[in-house]
$ cat protein_7.pdb   # PDB, C-alpha atoms
ATOM      1  CA  MET A   1     -19.667  -5.716   4.857
ATOM      2  CA  ASP A   2     -19.118  -2.147   3.704
ATOM      3  CA  GLN A   3     -17.062  -1.442   0.570
ATOM      4  CA  LEU A   4     -14.041  -0.016   2.392
ATOM      5  CA  SER A   5     -13.807  -3.067   4.672
ATOM      6  CA  GLN A   6     -14.121  -5.348   1.670
ATOM      7  CA  THR A   7     -11.306  -3.480  -0.079
ATOM      8  CA  PHE A   8      -9.002  -3.703   2.941
ATOM      9  CA  GLN A   9      -9.809  -7.387   3.317
ATOM     10  CA  ALA A  10      -8.824  -7.926  -0.327
ATOM     11  CA  LEU A  11      -5.600  -5.947   0.157
ATOM     12  CA  ALA A  12      -4.685  -7.889   3.304
ATOM     13  CA  ASP A  13      -3.449 -10.903   1.336
ATOM     14  CA  PRO A  14       0.086 -10.765  -0.167
ATOM     15  CA  THR A  15      -0.971 -12.886  -3.179
ATOM     16  CA  ARG A  16      -3.676 -10.389  -4.094
ATOM     17  CA  ARG A  17      -1.320  -7.443  -3.574
ATOM     18  CA  ALA A  18       1.169  -9.131  -5.913
ATOM     19  CA  MET A  19      -1.576  -9.546  -8.507
ATOM     20  CA  LEU A  20      -2.442  -5.863  -8.229
ATOM     21  CA  ALA A  21       1.235  -4.963  -8.598
ATOM     22  CA  LYS A  22       1.360  -6.994 -11.826
ATOM     23  CA  LEU A  23      -1.826  -5.343 -13.089
ATOM     24  CA  SER A  24      -0.456  -1.891 -12.302
ATOM     25  CA  GLN A  25       1.941  -2.524 -15.205
ATOM     26  CA  GLY A  26      -0.952  -3.181 -17.572
ATOM     27  CA  GLU A  27      -3.623  -5.652 -18.558
ATOM     28  CA  ALA A  28      -2.873  -9.353 -17.981
ATOM     29  CA  SER A  29      -4.649 -12.644 -18.533
ATOM     30  CA  VAL A  30      -5.689 -14.908 -15.675
ATOM     31  CA  THR A  31      -2.976 -17.334 -16.822
ATOM     32  CA  ASP A  32      -0.310 -14.613 -16.680
ATOM     33  CA  LEU A  33      -1.437 -13.572 -13.214
ATOM     34  CA  ALA A  34      -1.424 -17.191 -12.040
ATOM     35  CA  LYS A  35       2.075 -18.133 -13.283
ATOM     36  CA  PRO A  36       4.080 -16.867 -10.271
ATOM     37  CA  PHE A  37       1.808 -18.744  -7.846
ATOM     38  CA  LEU A  38       1.272 -22.112  -9.519
ATOM     39  CA  LYS A  39       4.072 -23.818  -7.543
ATOM     40  CA  GLU A  40       2.340 -22.864  -4.299
ATOM     41  CA  MET A  41      -1.350 -23.085  -5.233
ATOM     42  CA  SER A  42      -3.746 -24.420  -7.824
ATOM     43  CA  LEU A  43      -5.298 -22.423 -10.648
ATOM     44  CA  PRO A  44      -8.718 -22.559  -8.920
ATOM     45  CA  ALA A  45      -7.127 -21.022  -5.802
ATOM     46  CA  VAL A  46      -5.657 -18.218  -7.914
ATOM     47  CA  THR A  47      -9.081 -17.697  -9.494
ATOM     48  CA  LYS A  48     -10.600 -17.363  -6.004
ATOM     49  CA  HIS A  49      -8.092 -14.611  -5.212
ATOM     50  CA  LEU A  50      -9.095 -12.825  -8.407
ATOM     51  CA  LYS A  51     -12.763 -13.101  -7.469
ATOM     52  CA  VAL A  52     -12.029 -11.438  -4.117
ATOM     53  CA  LEU A  53     -10.278  -8.585  -5.961
ATOM     54  CA  GLU A  54     -13.205  -8.293  -8.384
ATOM     55  CA  LYS A  55     -15.787  -8.285  -5.591
ATOM     56  CA  ALA A  56     -13.835  -5.523  -3.839
ATOM     57  CA  GLY A  57     -13.922  -3.504  -7.065
ATOM     58  CA  LEU A  58     -10.141  -3.517  -7.462
ATOM     59  CA  VAL A  59     -10.001  -5.603 -10.656
ATOM     60  CA  THR A  60     -12.205  -5.959 -13.693
ATOM     61  CA  LYS A  61     -12.164  -9.091 -15.805
ATOM     62  CA  THR A  62     -13.625  -9.318 -19.287
ATOM     63  CA  LYS A  63     -14.050 -12.145 -21.737
ATOM     64  CA  GLU A  64     -12.585 -12.075 -25.231
ATOM     65  CA  ALA A  65     -12.978 -15.515 -26.832
ATOM     66  CA  GLN A  66     -10.685 -17.817 -24.789
ATOM     67  CA  TRP A  67      -8.749 -14.925 -23.247
ATOM     68  CA  ARG A  68      -9.808 -13.399 -19.890
ATOM     69  CA  PRO A  69      -8.049 -10.032 -19.685
ATOM     70  CA  CYS A  70      -7.886  -8.467 -16.230
ATOM     71  CA  LYS A  71      -7.085  -4.876 -15.429
ATOM     72  CA  ILE A  72      -6.786  -2.823 -12.311
ATOM     73  CA  ASN A  73      -9.724  -0.614 -11.411
ATOM     74  CA  ALA A  74      -8.391   2.679 -10.082
ATOM     75  CA  ASP A  75     -11.830   3.688  -8.795
ATOM     76  CA  GLY A  76     -11.670   0.775  -6.367
ATOM     77  CA  LEU A  77      -8.582   2.264  -4.754
ATOM     78  CA  ARG A  78      -9.988   5.791  -4.567
ATOM     79  CA  ASP A  79     -12.012   5.089  -1.402
ATOM     80  CA  VAL A  80      -8.908   3.715   0.303
ATOM     81  CA  ALA A  81      -6.843   6.731  -0.774
ATOM     82  CA  ASP A  82      -9.526   9.132   0.477
ATOM     83  CA  TRP A  83      -9.766   7.323   3.806
ATOM     84  CA  MET A  84      -5.986   7.302   4.230
ATOM     85  CA  GLU A  85      -5.681  10.989   3.311
ATOM     86  CA  HIS A  86      -7.318  11.957   6.601
ATOM     87  CA  TYR A  87      -4.656  10.018   8.513
ATOM     88  CA  ARG A  88      -1.820  11.310   6.357
ATOM     89  CA  VAL A  89      -2.808  14.864   7.318
ATOM     90  CA  PHE A  90      -2.983  13.812  10.984
ATOM     91  CA  TRP A  91       0.525  12.287  10.904
ATOM     92  CA  GLU A  92       2.041  15.214   9.019
ATOM     93  CA  GLU A  93       0.627  17.653  11.570
ATOM     94  CA  SER A  94       1.907  15.452  14.407
ATOM     95  CA  PHE A  95       5.388  15.309  12.877
ATOM     96  CA  ASP A  96       5.365  19.079  12.316
ATOM     97  CA  ARG A  97       4.534  19.621  16.015
ATOM     98  CA  LEU A  98       7.257  17.171  17.043
ATOM     99  CA  ASP A  99       9.765  18.916  14.772
ATOM    100  CA  ALA A 100       8.896  22.318  16.259
ATOM    101  CA  TYR A 101       9.234  20.931  19.788
ATOM    102  CA  LEU A 102      12.597  19.311  19.057
ATOM    103  CA  LYS A 103      13.900  22.576  17.643
ATOM    104  CA  THR A 104      13.038  24.387  20.876
ATOM    105  CA  VAL A 105      14.634  21.672  23.007
ATOM    106  CA  THR A 106      17.851  21.475  21.001
ATOM    107  CA  ALA A 107      18.120  25.265  20.795
ATOM    108  CA  LYS A 108      18.145  25.447  24.618
ATOM    109  CA  GLU A 109      20.883  22.846  24.972
ATOM    110  CA  LYS A 110      24.453  24.073  25.117
ATOM    111  CA  PRO A 111      27.138  22.062  23.387
ATOM    112  CA  LYS A 112      28.931  19.778  25.821
ATOM    113  CA  GLY A 113      32.388  18.361  25.520
ATOM    114  CA  LYS A 114      35.411  19.544  23.668
ATOM    115  CA  LYS A 115      35.349  22.038  20.832
ATOM    116  CA  ASN A 116      35.892  20.861  17.292
ATOM    117  CA  GLY A 117      36.046  17.262  18.466
ATOM    118  CA  ARG A 118      39.833  17.467  19.073
ATOM    119  CA  LYS A 119      41.641  16.299  22.135
ATOM    120  CA  LYS A 120      43.593  18.845  24.125
ATOM    121  CA  LYS A 121      47.286  18.152  24.503
TER     122      LYS A 121
END
$ encode --input "protein_7.pdb" --output "structure tokens"
Amino acid sequence: MDQLSQTFQALADPTRRAMLAKLSQGEASVTDLAKPFLKEMSLPAVTKHLKVLEKAGLVTKTKEAQWRPCKINADGLRDVADWMEHYRVFWEESFDRLDAYLKTVTAKEKPKGKKNGRKKK
């Protein structure tokens, strides 16, 4: 599987996106990342999610004695951002064309109905 596909696969899961959101605020231990999910899943399941994020290059985990600090890897998101940039440009150009078209259509229309929105007596 290519790196971009692996990254999107990692981002497809809401648990992993929540972990990335937590890490965007700064470094966190595996235990800290696991806390919000322990009612719904086991610690080994949380660890598997972290491994998917690591394999995709989105998270780095180091070892300091008993502590396993994790941090977000911005380089892992760069490929996604570059890929999406192409489509952002496409959509902006499409919206600009639509806006220009709507301006020509609405400029041709004449106001219908009563003036100033008041009823005649």
$ atom_distance --input "protein_7.pdb" --atom1 "CA of Pro14 (chain A)" --atom2 "CA of Arg68 (chain A)"
22.2 Å
$ resolve_selection --input "protein_7.pdb" --expression "the PyMOL selection byres ((chain A and resi 67) around 10)" --output "PyMOL selection string"
chain A and resi 28-31+62-66+68-70
$ resolve_selection --input "protein_7.pdb" --expression "the PyMOL selection byres ((chain A and resi 55) around 12)" --output "list in words"
Met1, Asp2, Gln3, Leu4, Ser5, Gln6, Thr7, Phe8, Gln9, Ala10, Leu11, Lys48, His49, Leu50, Lys51, Val52, Leu53, Glu54, Ala56, Gly57, Leu58, Val59, Thr60, Lys61, Asn73 and Gly76 of chain A
$ atom_distance --input "protein_7.pdb" --atom1 "CA of Arg88 (chain A)" --atom2 "CA of Ile72 (chain A)"
23.9 Å
$ closest_residue --input "protein_7.pdb" --among "A:Arg16, A:Arg97, A:Lys71, A:Arg78" --to "Pro36 (chain A)" --atoms "all atoms listed in the file"
A:Arg16
$ atom_distance --input "protein_7.pdb" --atom1 "CA of Glu92 (chain A)" --atom2 "CA of Thr104 (chain A)"
18.6 Å
$ closest_residue --input "protein_7.pdb" --among "A:Leu43, A:Leu33, A:Leu20, A:Leu38" --to "Ala74 (chain A)" --atoms "only C-alpha atoms"
A:Leu20
$ axis_aligned_box --input "protein_7.pdb" --around "region 66-81 of chain A" --padding-each-side "5 Å" --output "AutoDock Vina command-line options"
--center_x -9.4 --center_y -5.5 --center_z -12.2 --size_x 15.2 --size_y 34.5 --size_z 35.1
$ build_atoms --input "protein_7.pdb" --residues "region 12-38 of chain A" --atoms "N, CA and C atoms" --output "PDB file, in the coordinates of the input"
ATOM      1  N   ALA A  12      -5.408  -7.275   2.185  1.00  0.00           N
ATOM      2  CA  ALA A  12      -4.685  -7.889   3.304  1.00  0.00           C
ATOM      3  C   ALA A  12      -3.843  -9.088   2.879  1.00  0.00           C
ATOM      4  N   ASP A  13      -4.150  -9.694   1.759  1.00  0.00           N
ATOM      5  CA  ASP A  13      -3.449 -10.903   1.336  1.00  0.00           C
ATOM      6  C   ASP A  13      -2.290 -10.575   0.399  1.00  0.00           C
ATOM      7  N   PRO A  14      -1.081 -11.075   0.673  1.00  0.00           N
ATOM      8  CA  PRO A  14       0.086 -10.765  -0.167  1.00  0.00           C
ATOM      9  C   PRO A  14      -0.050 -11.282  -1.611  1.00  0.00           C
ATOM     10  N   THR A  15      -0.762 -12.380  -1.820  1.00  0.00           N
ATOM     11  CA  THR A  15      -0.971 -12.886  -3.179  1.00  0.00           C
ATOM     12  C   THR A  15      -1.783 -11.887  -3.987  1.00  0.00           C
ATOM     13  N   ARG A  16      -2.827 -11.359  -3.384  1.00  0.00           N
ATOM     14  CA  ARG A  16      -3.676 -10.389  -4.094  1.00  0.00           C
ATOM     15  C   ARG A  16      -2.940  -9.078  -4.323  1.00  0.00           C
ATOM     16  N   ARG A  17      -2.116  -8.672  -3.359  1.00  0.00           N
ATOM     17  CA  ARG A  17      -1.320  -7.443  -3.574  1.00  0.00           C
ATOM     18  C   ARG A  17      -0.332  -7.643  -4.718  1.00  0.00           C
ATOM     19  N   ALA A  18       0.238  -8.839  -4.814  1.00  0.00           N
ATOM     20  CA  ALA A  18       1.169  -9.131  -5.913  1.00  0.00           C
ATOM     21  C   ALA A  18       0.432  -9.096  -7.257  1.00  0.00           C
ATOM     22  N   MET A  19      -0.775  -9.596  -7.273  1.00  0.00           N
ATOM     23  CA  MET A  19      -1.576  -9.546  -8.507  1.00  0.00           C
ATOM     24  C   MET A  19      -1.865  -8.101  -8.905  1.00  0.00           C
ATOM     25  N   LEU A  20      -2.202  -7.279  -7.935  1.00  0.00           N
ATOM     26  CA  LEU A  20      -2.442  -5.863  -8.229  1.00  0.00           C
ATOM     27  C   LEU A  20      -1.172  -5.182  -8.728  1.00  0.00           C
ATOM     28  N   ALA A  21      -0.039  -5.538  -8.147  1.00  0.00           N
ATOM     29  CA  ALA A  21       1.235  -4.963  -8.598  1.00  0.00           C
ATOM     30  C   ALA A  21       1.480  -5.321 -10.064  1.00  0.00           C
ATOM     31  N   LYS A  22       1.205  -6.557 -10.432  1.00  0.00           N
ATOM     32  CA  LYS A  22       1.360  -6.994 -11.826  1.00  0.00           C
ATOM     33  C   LYS A  22       0.409  -6.218 -12.730  1.00  0.00           C
ATOM     34  N   LEU A  23      -0.834  -6.058 -12.286  1.00  0.00           N
ATOM     35  CA  LEU A  23      -1.826  -5.343 -13.089  1.00  0.00           C
ATOM     36  C   LEU A  23      -1.547  -3.841 -13.171  1.00  0.00           C
ATOM     37  N   SER A  24      -0.799  -3.319 -12.234  1.00  0.00           N
ATOM     38  CA  SER A  24      -0.456  -1.891 -12.302  1.00  0.00           C
ATOM     39  C   SER A  24       0.462  -1.607 -13.490  1.00  0.00           C
ATOM     40  N   GLN A  25       1.075  -2.668 -14.022  1.00  0.00           N
ATOM     41  CA  GLN A  25       1.941  -2.524 -15.205  1.00  0.00           C
ATOM     42  C   GLN A  25       1.153  -2.660 -16.503  1.00  0.00           C
ATOM     43  N   GLY A  26      -0.112  -3.050 -16.397  1.00  0.00           N
ATOM     44  CA  GLY A  26      -0.952  -3.181 -17.572  1.00  0.00           C
ATOM     45  C   GLY A  26      -1.823  -4.421 -17.502  1.00  0.00           C
ATOM     46  N   GLU A  27      -2.689  -4.537 -18.480  1.00  0.00           N
ATOM     47  CA  GLU A  27      -3.623  -5.652 -18.558  1.00  0.00           C
ATOM     48  C   GLU A  27      -2.889  -6.992 -18.600  1.00  0.00           C
ATOM     49  N   ALA A  28      -3.484  -8.017 -17.988  1.00  0.00           N
ATOM     50  CA  ALA A  28      -2.873  -9.353 -17.981  1.00  0.00           C
ATOM     51  C   ALA A  28      -3.986 -10.402 -17.981  1.00  0.00           C
ATOM     52  N   SER A  29      -3.686 -11.548 -18.536  1.00  0.00           N
ATOM     53  CA  SER A  29      -4.649 -12.644 -18.533  1.00  0.00           C
ATOM     54  C   SER A  29      -4.615 -13.348 -17.179  1.00  0.00           C
ATOM     55  N   VAL A  30      -5.640 -14.131 -16.910  1.00  0.00           N
ATOM     56  CA  VAL A  30      -5.689 -14.908 -15.675  1.00  0.00           C
ATOM     57  C   VAL A  30      -4.480 -15.838 -15.621  1.00  0.00           C
ATOM     58  N   THR A  31      -4.132 -16.430 -16.755  1.00  0.00           N
ATOM     59  CA  THR A  31      -2.976 -17.334 -16.822  1.00  0.00           C
ATOM     60  C   THR A  31      -1.689 -16.609 -16.458  1.00  0.00           C
ATOM     61  N   ASP A  32      -1.511 -15.399 -16.998  1.00  0.00           N
ATOM     62  CA  ASP A  32      -0.310 -14.613 -16.680  1.00  0.00           C
ATOM     63  C   ASP A  32      -0.254 -14.258 -15.194  1.00  0.00           C
ATOM     64  N   LEU A  33      -1.393 -13.914 -14.638  1.00  0.00           N
ATOM     65  CA  LEU A  33      -1.437 -13.572 -13.214  1.00  0.00           C
ATOM     66  C   LEU A  33      -1.164 -14.801 -12.342  1.00  0.00           C
ATOM     67  N   ALA A  34      -1.569 -15.968 -12.820  1.00  0.00           N
ATOM     68  CA  ALA A  34      -1.424 -17.191 -12.040  1.00  0.00           C
ATOM     69  C   ALA A  34      -0.001 -17.741 -12.043  1.00  0.00           C
ATOM     70  N   LYS A  35       0.748 -17.509 -13.116  1.00  0.00           N
ATOM     71  CA  LYS A  35       2.075 -18.133 -13.283  1.00  0.00           C
ATOM     72  C   LYS A  35       2.970 -18.075 -12.043  1.00  0.00           C
ATOM     73  N   PRO A  36       3.156 -16.914 -11.414  1.00  0.00           N
ATOM     74  CA  PRO A  36       4.080 -16.867 -10.271  1.00  0.00           C
ATOM     75  C   PRO A  36       3.625 -17.695  -9.061  1.00  0.00           C
ATOM     76  N   PHE A  37       2.357 -18.090  -9.034  1.00  0.00           N
ATOM     77  CA  PHE A  37       1.808 -18.744  -7.846  1.00  0.00           C
ATOM     78  C   PHE A  37       1.529 -20.227  -8.036  1.00  0.00           C
ATOM     79  N   LEU A  38       1.691 -20.739  -9.230  1.00  0.00           N
ATOM     80  CA  LEU A  38       1.272 -22.112  -9.519  1.00  0.00           C
ATOM     81  C   LEU A  38       2.099 -23.179  -8.808  1.00  0.00           C
TER      82      LEU A  38
END
